[in-house]
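J.: So that you have it, the file is work_15.cif, and it contains mmCIF, C-alpha atoms:
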data_upload
#
loop_
_atom_site.group_PDB
_atom_site.id
_atom_site.type_symbol
_atom_site.label_atom_id
_atom_site.label_comp_id
_atom_site.auth_asym_id
_atom_site.auth_seq_id
_atom_site.Cartn_x
_atom_site.Cartn_y
_atom_site.Cartn_z
ATOM 1 C CA MET A 1 -71.906 -47.804 11.918
ATOM 2 C CA ALA A 2 -75.241 -48.245 13.690
ATOM 3 C CA GLY A 3 -75.719 -46.001 16.687
ATOM 4 C CA ARG A 4 -72.888 -43.682 15.745
ATOM 5 C CA VAL A 5 -73.533 -40.061 16.761
ATOM 6 C CA ALA A 6 -72.906 -37.528 14.014
ATOM 7 C CA PRO A 7 -70.269 -34.897 14.818
ATOM 8 C CA ARG A 8 -71.755 -31.635 16.014
ATOM 9 C CA VAL A 9 -71.182 -28.474 14.015
ATOM 10 C CA VAL A 10 -70.390 -25.281 15.899
ATOM 11 C CA MET A 11 -69.720 -21.697 14.820
ATOM 12 C CA VAL A 12 -67.371 -19.684 17.052
ATOM 13 C CA THR A 13 -66.758 -15.942 16.739
ATOM 14 C CA GLY A 14 -63.632 -14.293 18.111
ATOM 15 C CA ALA A 15 -61.911 -17.535 17.185
ATOM 16 C CA ALA A 16 -58.410 -16.328 16.316
ATOM 17 C CA ARG A 17 -57.080 -16.112 19.862
ATOM 18 C CA GLY A 18 -57.909 -16.091 23.550
ATOM 19 C CA ILE A 19 -60.995 -17.891 24.821
ATOM 20 C CA GLY A 20 -62.432 -18.140 21.312
ATOM 21 C CA ALA A 21 -59.388 -20.005 19.991
ATOM 22 C CA ALA A 22 -59.303 -22.223 23.071
ATOM 23 C CA THR A 23 -62.976 -23.037 22.508
ATOM 24 C CA VAL A 24 -62.257 -24.079 18.929
ATOM 25 C CA ARG A 25 -59.552 -26.421 20.224
ATOM 26 C CA ALA A 26 -61.826 -27.853 22.931
ATOM 27 C CA LEU A 27 -64.641 -28.520 20.487
ATOM 28 C CA ILE A 28 -62.323 -30.188 17.988
ATOM 29 C CA ALA A 29 -60.958 -32.385 20.755
ATOM 30 C CA ARG A 30 -64.532 -33.545 21.369
ATOM 31 C CA GLY A 31 -64.862 -34.489 17.706
ATOM 32 C CA ASP A 32 -66.948 -31.481 16.673
ATOM 33 C CA ARG A 33 -66.681 -29.581 13.400
ATOM 34 C CA VAL A 34 -66.064 -25.843 13.738
ATOM 35 C CA VAL A 35 -66.479 -22.732 11.621
ATOM 36 C CA ALA A 36 -63.926 -20.389 13.208
ATOM 37 C CA VAL A 37 -64.910 -16.757 12.656
ATOM 38 C CA ASP A 38 -62.861 -13.650 13.380
ATOM 39 C CA GLY A 39 -62.718 -10.091 12.135
ATOM 40 C CA CYS A 40 -58.926 -10.331 11.764
ATOM 41 C CA ALA A 41 -58.641 -6.546 12.035
ATOM 42 C CA GLY A 42 -54.947 -6.762 12.882
ATOM 43 C CA PRO A 43 -52.909 -5.407 15.807
ATOM 44 C CA PRO A 44 -53.851 -4.773 18.506
ATOM 45 C CA LEU A 45 -56.670 -7.150 17.549
ATOM 46 C CA ALA A 46 -56.249 -10.612 16.057
ATOM 47 C CA THR A 47 -54.683 -11.214 12.666
ATOM 48 C CA ARG A 48 -55.542 -13.469 9.756
ATOM 49 C CA ALA A 49 -52.361 -15.439 10.455
ATOM 50 C CA GLU A 50 -53.622 -16.223 13.970
ATOM 51 C CA LEU A 51 -56.973 -17.417 12.628
ATOM 52 C CA ASP A 52 -55.274 -19.518 9.973
ATOM 53 C CA ALA A 53 -53.088 -21.168 12.631
ATOM 54 C CA VAL A 54 -56.123 -22.097 14.746
ATOM 55 C CA VAL A 55 -57.883 -23.551 11.713
ATOM 56 C CA ALA A 56 -54.809 -25.427 10.488
ATOM 57 C CA ALA A 57 -54.463 -27.116 13.874
ATOM 58 C CA GLY A 58 -58.012 -28.422 13.494
ATOM 59 C CA GLY A 59 -57.304 -30.197 10.227
ATOM 60 C CA ASP A 60 -60.436 -31.147 8.297
ATOM 61 C CA GLN A 61 -62.558 -30.498 11.393
ATOM 62 C CA ALA A 62 -62.239 -26.723 11.064
ATOM 63 C CA VAL A 63 -62.739 -24.028 8.491
ATOM 64 C CA GLY A 64 -62.022 -20.327 8.851
ATOM 65 C CA HIS A 65 -64.165 -17.353 7.896
ATOM 66 C CA VAL A 66 -63.287 -13.683 8.204
ATOM 67 C CA ALA A 67 -66.222 -11.591 9.431
ATOM 68 C CA ASP A 68 -66.709 -8.591 11.678
ATOM 69 C CA VAL A 69 -69.541 -9.315 14.115
ATOM 70 C CA ARG A 70 -70.932 -5.863 13.346
ATOM 71 C CA ASP A 71 -71.616 -7.106 9.806
ATOM 72 C CA ARG A 72 -74.661 -9.357 9.956
ATOM 73 C CA SER A 73 -74.436 -10.390 6.300
ATOM 74 C CA ALA A 74 -70.844 -11.556 6.799
ATOM 75 C CA LEU A 75 -71.936 -13.624 9.799
ATOM 76 C CA ALA A 76 -74.793 -15.095 7.767
ATOM 77 C CA ALA A 77 -72.215 -16.207 5.209
ATOM 78 C CA ALA A 78 -70.432 -18.137 7.973
ATOM 79 C CA VAL A 79 -73.674 -19.954 8.787
ATOM 80 C CA ASP A 80 -74.104 -20.766 5.111
ATOM 81 C CA LEU A 81 -70.557 -22.120 5.085
ATOM 82 C CA ALA A 82 -71.313 -24.464 7.986
ATOM 83 C CA VAL A 83 -74.450 -25.798 6.338
ATOM 84 C CA ALA A 84 -72.804 -26.149 2.928
ATOM 85 C CA ARG A 85 -69.787 -27.970 4.328
ATOM 86 C CA TRP A 86 -71.368 -30.169 7.019
ATOM 87 C CA GLY A 87 -75.099 -29.979 6.405
ATOM 88 C CA ARG A 88 -76.123 -28.463 9.718
ATOM 89 C CA LEU A 89 -75.414 -26.087 12.575
ATOM 90 C CA ASP A 90 -75.826 -27.387 16.111
ATOM 91 C CA ALA A 91 -74.352 -24.646 18.274
ATOM 92 C CA ALA A 92 -72.949 -21.144 18.185
ATOM 93 C CA VAL A 93 -70.500 -19.405 20.496
ATOM 94 C CA ALA A 94 -70.404 -15.605 20.514
ATOM 95 C CA ALA A 95 -66.922 -14.930 21.882
ATOM 96 C CA ALA A 96 -65.896 -11.850 19.900
ATOM 97 C CA ALA A 97 -65.360 -8.789 22.110
ATOM 98 C CA VAL A 98 -63.165 -5.778 22.726
ATOM 99 C CA ILE A 99 -62.127 -3.937 25.894
ATOM 100 C CA ALA A 100 -62.004 -0.189 26.471
ATOM 101 C CA GLY A 101 -61.904 2.000 29.551
ATOM 102 C CA GLY A 102 -59.467 3.288 32.109
ATOM 103 C CA ARG A 103 -61.414 6.378 33.198
ATOM 104 C CA PRO A 104 -64.457 7.070 35.394
ATOM 105 C CA LEU A 105 -67.828 7.054 33.666
ATOM 106 C CA TRP A 106 -68.136 10.838 33.494
ATOM 107 C CA GLU A 107 -64.794 11.105 31.691
ATOM 108 C CA THR A 108 -65.341 8.155 29.341
ATOM 109 C CA PRO A 109 -65.617 9.231 25.690
ATOM 110 C CA GLU A 110 -68.924 8.377 24.058
ATOM 111 C CA ALA A 111 -66.981 6.672 21.278
ATOM 112 C CA GLU A 112 -65.746 4.022 23.737
ATOM 113 C CA LEU A 113 -69.289 3.206 24.826
ATOM 114 C CA ASP A 114 -70.378 3.080 21.188
ATOM 115 C CA LEU A 115 -67.554 0.665 20.301
ATOM 116 C CA LEU A 116 -68.333 -1.651 23.209
ATOM 117 C CA TRP A 117 -72.022 -1.594 22.386
ATOM 118 C CA GLU A 118 -71.485 -2.294 18.685
ATOM 119 C CA VAL A 119 -69.010 -5.171 19.162
ATOM 120 C CA ASP A 120 -69.679 -6.706 22.566
ATOM 121 C CA VAL A 121 -73.466 -6.390 22.573
ATOM 122 C CA LYS A 122 -74.753 -5.981 19.020
ATOM 123 C CA GLY A 123 -72.106 -8.470 17.903
ATOM 124 C CA VAL A 124 -73.751 -11.078 20.140
ATOM 125 C CA TRP A 125 -77.182 -9.961 18.935
ATOM 126 C CA ASN A 126 -76.138 -10.308 15.297
ATOM 127 C CA THR A 127 -74.598 -13.710 15.936
ATOM 128 C CA ALA A 128 -77.815 -14.936 17.537
ATOM 129 C CA ALA A 129 -79.933 -13.421 14.771
ATOM 130 C CA VAL A 130 -78.159 -15.406 12.050
ATOM 131 C CA THR A 131 -77.477 -18.660 13.909
ATOM 132 C CA VAL A 132 -80.696 -19.332 15.807
ATOM 133 C CA PRO A 133 -82.798 -19.838 12.660
ATOM 134 C CA ALA A 134 -80.245 -22.416 11.476
ATOM 135 C CA LEU A 135 -80.343 -24.146 14.857
ATOM 136 C CA LEU A 136 -84.143 -24.277 14.712
ATOM 137 C CA ALA A 137 -84.083 -25.597 11.139
ATOM 138 C CA GLY A 138 -81.494 -28.288 11.845
ATOM 139 C CA PRO A 139 -82.064 -32.032 12.079
ATOM 140 C CA ASP A 140 -81.975 -31.950 15.901
ATOM 141 C CA PRO A 141 -83.302 -28.664 17.333
ATOM 142 C CA SER A 142 -83.411 -30.210 20.811
ATOM 143 C CA GLY A 143 -79.616 -30.200 20.708
ATOM 144 C CA GLY A 144 -79.295 -26.604 19.517
ATOM 145 C CA ARG A 145 -77.199 -24.383 21.784
ATOM 146 C CA PHE A 146 -76.382 -20.675 21.761
ATOM 147 C CA VAL A 147 -73.574 -19.594 24.108
ATOM 148 C CA ALA A 148 -72.403 -16.027 24.671
ATOM 149 C CA ILE A 149 -69.211 -15.106 26.473
ATOM 150 C CA ALA A 150 -70.034 -12.514 29.102
ATOM 151 C CA SER A 151 -67.572 -11.633 31.875
ATOM 152 C CA ALA A 152 -67.202 -11.283 35.614
ATOM 153 C CA ALA A 153 -67.916 -7.652 34.696
ATOM 154 C CA ALA A 154 -71.496 -8.771 34.041
ATOM 155 C CA SER A 155 -72.089 -9.229 37.762
ATOM 156 C CA HIS A 156 -69.494 -6.967 39.445
ATOM 157 C CA GLY A 157 -68.778 -3.283 39.160
ATOM 158 C CA LEU A 158 -65.198 -2.841 37.974
ATOM 159 C CA HIS A 159 -63.165 0.296 38.609
ATOM 160 C CA HIS A 160 -62.928 2.599 35.568
ATOM 161 C CA LEU A 161 -64.725 0.086 33.335
ATOM 162 C CA ALA A 162 -68.318 1.331 33.561
ATOM 163 C CA ALA A 163 -68.933 1.091 29.807
ATOM 164 C CA TYR A 164 -67.574 -2.452 29.712
ATOM 165 C CA ASN A 165 -69.740 -3.288 32.746
ATOM 166 C CA ALA A 166 -72.777 -1.962 30.910
ATOM 167 C CA ALA A 167 -71.991 -3.966 27.780
ATOM 168 C CA LYS A 168 -71.469 -7.254 29.574
ATOM 169 C CA HIS A 169 -74.583 -6.801 31.717
ATOM 170 C CA ALA A 170 -76.428 -6.314 28.427
ATOM 171 C CA VAL A 171 -75.015 -9.588 27.073
ATOM 172 C CA VAL A 172 -76.495 -11.435 30.038
ATOM 173 C CA GLY A 173 -79.861 -9.732 29.539
ATOM 174 C CA LEU A 174 -79.772 -10.579 25.849
ATOM 175 C CA VAL A 175 -79.149 -14.264 26.563
ATOM 176 C CA LYS A 176 -81.891 -14.447 29.168
ATOM 177 C CA GLY A 177 -84.346 -12.850 26.750
ATOM 178 C CA LEU A 178 -83.268 -15.206 23.972
ATOM 179 C CA ALA A 179 -83.742 -18.236 26.222
ATOM 180 C CA ALA A 180 -87.280 -17.049 26.968
ATOM 181 C CA ASP A 181 -87.989 -16.607 23.250
ATOM 182 C CA LEU A 182 -86.802 -20.169 22.611
ATOM 183 C CA VAL A 183 -89.144 -21.844 25.086
ATOM 184 C CA GLY A 184 -90.599 -25.006 23.606
ATOM 185 C CA THR A 185 -88.234 -25.201 20.657
ATOM 186 C CA GLY A 186 -85.526 -27.364 22.232
ATOM 187 C CA VAL A 187 -82.840 -24.809 21.386
ATOM 188 C CA THR A 188 -81.293 -23.239 24.493
ATOM 189 C CA ALA A 189 -79.212 -20.162 25.320
ATOM 190 C CA CYS A 190 -76.799 -19.365 28.125
ATOM 191 C CA ALA A 191 -73.827 -17.180 28.971
ATOM 192 C CA VAL A 192 -70.404 -18.049 30.342
ATOM 193 C CA SER A 193 -68.736 -15.405 32.512
ATOM 194 C CA PRO A 194 -64.956 -15.862 32.750
ATOM 195 C CA GLY A 195 -62.802 -14.235 35.382
ATOM 196 C CA SER A 196 -59.298 -12.957 34.694
ATOM 197 C CA THR A 197 -58.004 -15.280 31.981
ATOM 198 C CA ARG A 198 -54.561 -15.254 30.370
ATOM 199 C CA THR A 199 -55.486 -13.654 27.037
ATOM 200 C CA PRO A 200 -54.435 -10.630 24.991
ATOM 201 C CA MET A 201 -57.597 -8.905 26.246
ATOM 202 C CA LEU A 202 -56.429 -9.303 29.839
ATOM 203 C CA ASP A 203 -53.073 -7.809 28.870
ATOM 204 C CA ALA A 204 -54.960 -4.876 27.345
ATOM 205 C CA THR A 205 -56.940 -4.510 30.569
ATOM 206 C CA ALA A 206 -53.734 -4.439 32.590
ATOM 207 C CA ALA A 207 -52.469 -1.680 30.321
ATOM 208 C CA LEU A 208 -55.621 0.352 31.021
ATOM 209 C CA TYR A 209 -54.785 0.164 34.715
ATOM 210 C CA GLY A 210 -51.087 0.849 34.194
ATOM 211 C CA LEU A 211 -50.132 -2.588 35.531
ATOM 212 C CA PRO A 212 -46.841 -4.101 34.331
ATOM 213 C CA ASP A 213 -48.197 -7.666 34.363
ATOM 214 C CA ALA A 214 -51.727 -9.071 34.055
ATOM 215 C CA ALA A 215 -50.761 -11.596 36.732
ATOM 216 C CA ASP A 216 -51.493 -8.809 39.216
ATOM 217 C CA PHE A 217 -55.193 -9.577 38.696
ATOM 218 C CA ALA A 218 -54.779 -12.970 40.376
ATOM 219 C CA HIS A 219 -55.625 -11.536 43.796
ATOM 220 C CA ASN A 220 -59.180 -10.854 42.542
ATOM 221 C CA GLN A 221 -59.892 -14.574 42.251
ATOM 222 C CA LEU A 222 -60.276 -17.077 45.064
ATOM 223 C CA VAL A 223 -58.079 -19.546 43.195
ATOM 224 C CA ARG A 224 -55.357 -16.858 43.478
ATOM 225 C CA ARG A 225 -54.128 -17.318 39.931
ATOM 226 C CA ILE A 226 -54.978 -16.273 36.407
ATOM 227 C CA LEU A 227 -57.173 -18.769 34.586
ATOM 228 C CA ASP A 228 -55.990 -20.598 31.502
ATOM 229 C CA PRO A 229 -58.190 -20.137 28.403
ATOM 230 C CA ALA A 230 -58.513 -23.916 28.134
ATOM 231 C CA GLU A 231 -60.259 -24.009 31.525
ATOM 232 C CA VAL A 232 -62.903 -21.554 30.409
ATOM 233 C CA ALA A 233 -63.189 -23.278 27.032
ATOM 234 C CA ALA A 234 -64.011 -26.551 28.769
ATOM 235 C CA ALA A 235 -67.027 -24.875 30.358
ATOM 236 C CA VAL A 236 -68.051 -23.373 27.010
ATOM 237 C CA ALA A 237 -67.729 -26.744 25.268
ATOM 238 C CA PHE A 238 -70.010 -28.328 27.862
ATOM 239 C CA CYS A 239 -72.575 -25.585 27.263
ATOM 240 C CA CYS A 240 -72.444 -26.420 23.537
ATOM 241 C CA SER A 241 -73.163 -30.093 24.149
ATOM 242 C CA PRO A 242 -76.550 -31.819 24.298
ATOM 243 C CA GLU A 243 -76.043 -32.057 28.064
ATOM 244 C CA GLY A 244 -75.661 -28.272 28.169
ATOM 245 C CA ALA A 245 -79.442 -27.870 28.152
ATOM 246 C CA VAL A 246 -79.320 -27.843 31.948
ATOM 247 C CA VAL A 247 -77.802 -24.342 32.000
ATOM 248 C CA ASN A 248 -80.476 -22.843 29.745
ATOM 249 C CA GLY A 249 -81.212 -19.208 30.575
ATOM 250 C CA SER A 250 -78.433 -19.016 33.127
ATOM 251 C CA VAL A 251 -74.935 -17.615 33.555
ATOM 252 C CA VAL A 252 -72.095 -20.070 34.161
ATOM 253 C CA GLN A 253 -69.599 -18.325 36.437
ATOM 254 C CA ALA A 254 -66.321 -19.735 35.086
ATOM 255 C CA ASP A 255 -64.382 -17.138 37.054
ATOM 256 C CA GLY A 256 -62.248 -18.947 39.607
ATOM 257 C CA GLY A 257 -64.223 -17.318 42.415
ATOM 258 C CA PHE A 258 -63.967 -13.727 41.199
ATOM 259 C CA ALA A 259 -64.206 -11.329 44.140
ATOM 260 C CA PRO A 260 -62.935 -7.814 43.379
#
Hey, can you dump this file as C-alpha cells for me?

T.:
Amino acid sequence: MAGRVAPRVVMVTGAARGIGAATVRALIARGDRVVAVDGCAGPPLATRAELDAVVAAGGDQAVGHVADVRDRSALAAAVDLAVARWGRLDAAVAAAAVIAGGRPLWETPEAELDLLWEVDVKGVWNTAAVTVPALLAGPDPSGGRFVAIASAAASHGLHHLAAYNAAKHAVVGLVKGLAADLVGTGVTACAVSPGSTRTPMLDATAALYGLPDAADFAHNQLVRRILDPAEVAAAVAFCCSPEGAVVNGSVVQADGGFAP
C-alpha cells in the first residue's frame, strides 16, 4: 500500500522480565518487530521459560535470543538475527542489569563492583558497540535510536548502593558520549532513568535493605506509589520512535518524581 510505513525493528536486552519485558510488549503494541535478548542465567535472574513466554506473546513480531551482555559476539549474533529476519535494525534498548549492595562503600566487596561494572556498564557498552553500526548502515539512519536504561541512582546517592550508583552514573556518561560521537549521522542516543518500579530487581533491592515489601519504597516518589513497568516502557518506546530524536543526549527521568 502506498505510503505505508515499514514496521520498525528493535533489539531489547534484559527482555525476559521487568522493564525489558514490558518494553518488548510496548513495542509490539506499536507494531514494531523485536529481537528479545536475555542471558537467561536462571534464578535469581531470569529464566529461558520467562523469555520464551515474552516472545510467544509477541507472535510473529518477536523472536528470542539468549545472550549474556558481557559476551559481545553473542550480542552481535542477535543483531545478525534481526537483519536476517527483518532486513534492518532501527533501534536498540540496553535494559539488562543486575543489582548488588547493602553495605557502605568501604565494606563493599570488590567483586560486587566488578559485577556491576561488567553487566550494567560494559553490557551497555557492548550493546552499543554491536548495534550502532547496524543502525548507521540501515535504510533510515535518521530514525536510528539507542536507548539505555539508567536509574534514579544515576542522579541521586542511594544509601548502601555506592557501587550501583557508580555504575548507573557511568551509563549516563556513556550515553552522552555516544550521542556526541553520533553527531551528524541521524542516529541518536539517550537514557531513561526509572524510579522504583515493580520488578524482580526492586524486590531484590528491598531484600538488600531488609524490607519485607518493595512497596515501602513508594514514599521515595512524589506519586507515592511504585511504578508499573508498563509506564516506564511507554517512555522507552517513545525514545525508540522517530519522534524520540528530541531527547538525544539527554536523560528521561521516568521516576515518578523520585526524591530520596

J.: Check which residues satisfy the PyMOL selection byres ((chain A and resi 45) around 12) in the file shown, then give them as a VMD selection string.

T.: chain A and resid 14 to 18 38 to 44 46 to 51 68 96 to 99 199 to 201 203 to 204

J.: Can you tell me how far CA of Glu118 (chain A) sits from CA of His169 (chain A), in Å to one decimal?

T.: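 Pair CA of Glu118 (chain A) / CA of His169 (chain A) returns 14.1 Å.
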
J.: Grab all the atoms of region 184-187 of chain A that the file lists, wrap them in a box along x, y and z, add 6 Å per side, and give me centre plus edge lengths in Å (one decimal) as AutoDock Vina command-line options.

T.:
--center_x -86.7 --center_y -26.1 --center_z 22.1 --size_x 19.8 --size_y 14.6 --size_z 14.9

J.: CA of Ala95 (chain A) and CA of Thr205 (chain A) are how many Å apart?

T.: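 Atom-to-atom, CA of Ala95 (chain A) to CA of Thr205 (chain A), that is 16.8 Å.
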
J.: Suppose you want the space between CA of Glu243 (chain A) and CA of Val130 (chain A); what is it in Å?

T.: 23.2 Å

J.: For Ala100 (chain A), find every residue with an atom within 9 Å (counting all atoms listed in the file), except residues of its own chain fewer than 5 positions away, and show them as a list in words.

T.: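 Here the answer would be Glu112, Leu113, Leu115, Leu116, Leu161, Ala163, Tyr164, Ala204, Thr205 and Leu208 of chain A.
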
J.: Just say which residues the PyMOL selection byres ((chain A and resi 74-91) around 8) picks in this file, as number ranges by chain.

T.: A: 8-11, 33-35, 37, 65-69, 71-73, 92-93, 126-127, 130-131, 134-135, 138-141, 143-147, 240

J.: Apply the PyMOL selection byres ((chain A and resi 234) around 12) to the structure shown and report the selected residues as a ChimeraX atom specification.

T.: /A:19-30,192,194,227-233,235-241,244,252,254

J.: Just to be explicit: take each residue in the selection above, keep C-alpha atoms, and write the result as a PDB file, in the frame of the given file.

T.:
ATOM      1  CA  ILE A  19     -60.995 -17.891  24.821  1.00  0.00           C
ATOM      2  CA  GLY A  20     -62.432 -18.140  21.312  1.00  0.00           C
ATOM      3  CA  ALA A  21     -59.388 -20.005  19.991  1.00  0.00           C
ATOM      4  CA  ALA A  22     -59.303 -22.223  23.071  1.00  0.00           C
ATOM      5  CA  THR A  23     -62.976 -23.037  22.508  1.00  0.00           C
ATOM      6  CA  VAL A  24     -62.257 -24.079  18.929  1.00  0.00           C
ATOM      7  CA  ARG A  25     -59.552 -26.421  20.224  1.00  0.00           C
ATOM      8  CA  ALA A  26     -61.826 -27.853  22.931  1.00  0.00           C
ATOM      9  CA  LEU A  27     -64.641 -28.520  20.487  1.00  0.00           C
ATOM     10  CA  ILE A  28     -62.323 -30.188  17.988  1.00  0.00           C
ATOM     11  CA  ALA A  29     -60.958 -32.385  20.755  1.00  0.00           C
ATOM     12  CA  ARG A  30     -64.532 -33.545  21.369  1.00  0.00           C
ATOM     13  CA  VAL A 192     -70.404 -18.049  30.342  1.00  0.00           C
ATOM     14  CA  PRO A 194     -64.956 -15.862  32.750  1.00  0.00           C
ATOM     15  CA  LEU A 227     -57.173 -18.769  34.586  1.00  0.00           C
ATOM     16  CA  ASP A 228     -55.990 -20.598  31.502  1.00  0.00           C
ATOM     17  CA  PRO A 229     -58.190 -20.137  28.403  1.00  0.00           C
ATOM     18  CA  ALA A 230     -58.513 -23.916  28.134  1.00  0.00           C
ATOM     19  CA  GLU A 231     -60.259 -24.009  31.525  1.00  0.00           C
ATOM     20  CA  VAL A 232     -62.903 -21.554  30.409  1.00  0.00           C
ATOM     21  CA  ALA A 233     -63.189 -23.278  27.032  1.00  0.00           C
ATOM     22  CA  ALA A 235     -67.027 -24.875  30.358  1.00  0.00           C
ATOM     23  CA  VAL A 236     -68.051 -23.373  27.010  1.00  0.00           C
ATOM     24  CA  ALA A 237     -67.729 -26.744  25.268  1.00  0.00           C
ATOM     25  CA  PHE A 238     -70.010 -28.328  27.862  1.00  0.00           C
ATOM     26  CA  CYS A 239     -72.575 -25.585  27.263  1.00  0.00           C
ATOM     27  CA  CYS A 240     -72.444 -26.420  23.537  1.00  0.00           C
ATOM     28  CA  SER A 241     -73.163 -30.093  24.149  1.00  0.00           C
ATOM     29  CA  GLY A 244     -75.661 -28.272  28.169  1.00  0.00           C
ATOM     30  CA  VAL A 252     -72.095 -20.070  34.161  1.00  0.00           C
ATOM     31  CA  ALA A 254     -66.321 -19.735  35.086  1.00  0.00           C
TER      32      ALA A 254
END
